[in-house]
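To keep things clear, I will list the structure first and then write my remarks on it.
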There are 2 protein chains.
Amino acid sequence: MNKTLKEMDVLRQHLEKHQLKLTRQRELILTAFLRQEHITAEAMYHQLAKKDPHLGLATIYRTLNLFCEAGIAQARHFGTQTQYDNISHKGHHDHLICTGCGTIVEFENCEIERLQEEVATKNGFVIQTHRLELYGLCSRCRH
Amino acid sequence: MNKTLKEMDVLRQHLEKHQLKLTRQRELILTAFLRQEHITAEAMYHQLAKKDPHLGLATIYRTLNLFCEAGIAQARHFGTQTQYDNISHKGHHDHLICTGCGTIVEFENCEIERLQEEVATKNGFVIQTHRLELYGLCSRCRH
DNA sequence: TTTGAAATTGATAAACCGTCTCAAGAGGAT
DNA sequence: ATCCTCTTGAGACGGTTTATCAATTTCAAA
């Protein structure tokens, strides 16, 4: 039985459209990628080293960038590295970060998300992903 | 007459608290930084080369990172470089970023800010600053 | 004002991340 | 099965940021 994953079809379509080829590596990386919410190329390299020790880091980068072009992934520069976000994954968390002790509280707020959509639409954008970080002091650090 | 800039006081306070010293270079870089809305270390290096040809690039990086720790600046990684945003000088600009062409649209939304405060309060936080970035495709990049 | 411990600087080396190169290998239309 | 093209792996490479370290500067205390 063949895979019937939506993303695999998206990839196949993209490859065909651009005269690219479906390789063992691309299938392998896609399968692994879809299990993540977001991952770096380096992390995926180590993760896949077990399954295929000869899979090159350059191939991971090339393939994750390919996924971005195909609309399956989304690159996001975070800290010093690039995070590749799995777009199909919906459970997104925003962060409240204490500048005193570094505590991170995750939250979700539908109303904020709705307003974000509104702003985007007003500017002709279609949102793929977002990042919201609130920095401040938690109650303990305020004494 | 001494400078009475709010940011200079913030810096002085941070330095004192961490047993750091106020140097000619730190004053120079702060003054230049406050004139910008956001800038890269490299750009600041070239800009300040006229005033002080011996100012090192490493010092710029160190100092801008110091400003981040002091809460005067905020680092934002975009593409291959790091942008240092001037937090104080800027109102509250959030960013809409096109993942296709890199265009950045700034926006403000009071309602979102209000909801952010609400979330923070609910979690016992007092917000100092925040970062909101919406990633997506602009109308041109969607064809 | 002089002194001295500790922090800072400038110059450059090194680390780091991501891309490029290219010969060898794999995909797939015919 | 063939052949043309795309892809891969390994390492070189380039640009950005950080680490190193001797010389210099700051600043608190004498």
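Going through the structure tokens in order, the chains are called A, B, and so on, while each chain numbers its residues from 1 and the ligands are numbered from 1 in the order shown.
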
Subject >> Polymer residues at most 8 Å from Tyr45 in chain A, only C-alpha atoms (C1' of nucleotides), same-chain spacing of 5 or more positions, as a PyMOL selection string >> reply: chain A and resi 55-57+60

Dump C-alpha atoms for the selected residues as a tab-separated table (two decimals), in the first residue's frame?
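For reference, result11.tsv as written:
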chain	number	residue	atom	x	y	z
A	55	LEU	CA	22.88	10.95	4.57
A	56	GLY	CA	24.73	14.24	4.16
A	57	LEU	CA	24.00	17.44	6.03
A	60	ILE	CA	19.11	17.85	4.65

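The two copies, chain B and chain A, share one sequence, and their C-alpha RMSD after a least-squares fit comes to 2.7 Å.
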
Determine, using only C-alpha atoms (C1' of nucleotides), which residues of chain B have any atom at most 8 Å from an atom of chain D, and tabulate each with its shortest atom pair and distance in Å to one decimal place, rows ordered by chain and then rising number, as CSV.
residue,atom,partner,partner_atom,distance
B:Lys21,CA,D:DT26,C1',6.4
B:Leu22,CA,D:DT26,C1',7.6
B:Thr23,CA,D:DT26,C1',7.3
B:Tyr61,CA,D:DT17,C1',7.9
B:Thr80,CA,D:DT16,C1',7.4
B:Gln81,CA,D:DT16,C1',6.8

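Closest to chain B among A:Asn86, A:Asn65, A:Gln74, A:Thr31 is A:Gln74, based on only C-alpha atoms.
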
Original post:
Can you list, as a PyMOL selection string, every protein, DNA or RNA residue that comes within 8 Å of Ser139 in chain A when you count only C-alpha atoms (C1' of nucleotides), leaving out same-chain residues fewer than 6 positions away?
Top reply: chain B and resi 124-126

May I have the residues from that selection written out with N, CA and C atoms, as a PDB file, in the first residue's frame?
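File again-v3.pdb, as written:
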ATOM      1  N   GLY B 124       0.413  36.640  36.055  1.00  0.00           N
ATOM      2  CA  GLY B 124       1.236  37.281  37.076  1.00  0.00           C
ATOM      3  C   GLY B 124       2.444  38.037  36.547  1.00  0.00           C
ATOM      4  N   PHE B 125       2.466  38.292  35.255  1.00  0.00           N
ATOM      5  CA  PHE B 125       3.594  39.002  34.655  1.00  0.00           C
ATOM      6  C   PHE B 125       3.293  40.491  34.495  1.00  0.00           C
ATOM      7  N   VAL B 126       4.369  41.280  34.482  1.00  0.00           N
ATOM      8  CA  VAL B 126       4.277  42.675  34.059  1.00  0.00           C
ATOM      9  C   VAL B 126       5.173  42.798  32.830  1.00  0.00           C
TER      10      VAL B 126
END

Original post:
Counting only C-alpha atoms (C1' of nucleotides), which residues of chain C come no farther than 10 Å from chain A, as JSON, numbers by chain?
Top reply: {"C": [16, 17, 18, 19, 20, 26, 27, 28]}
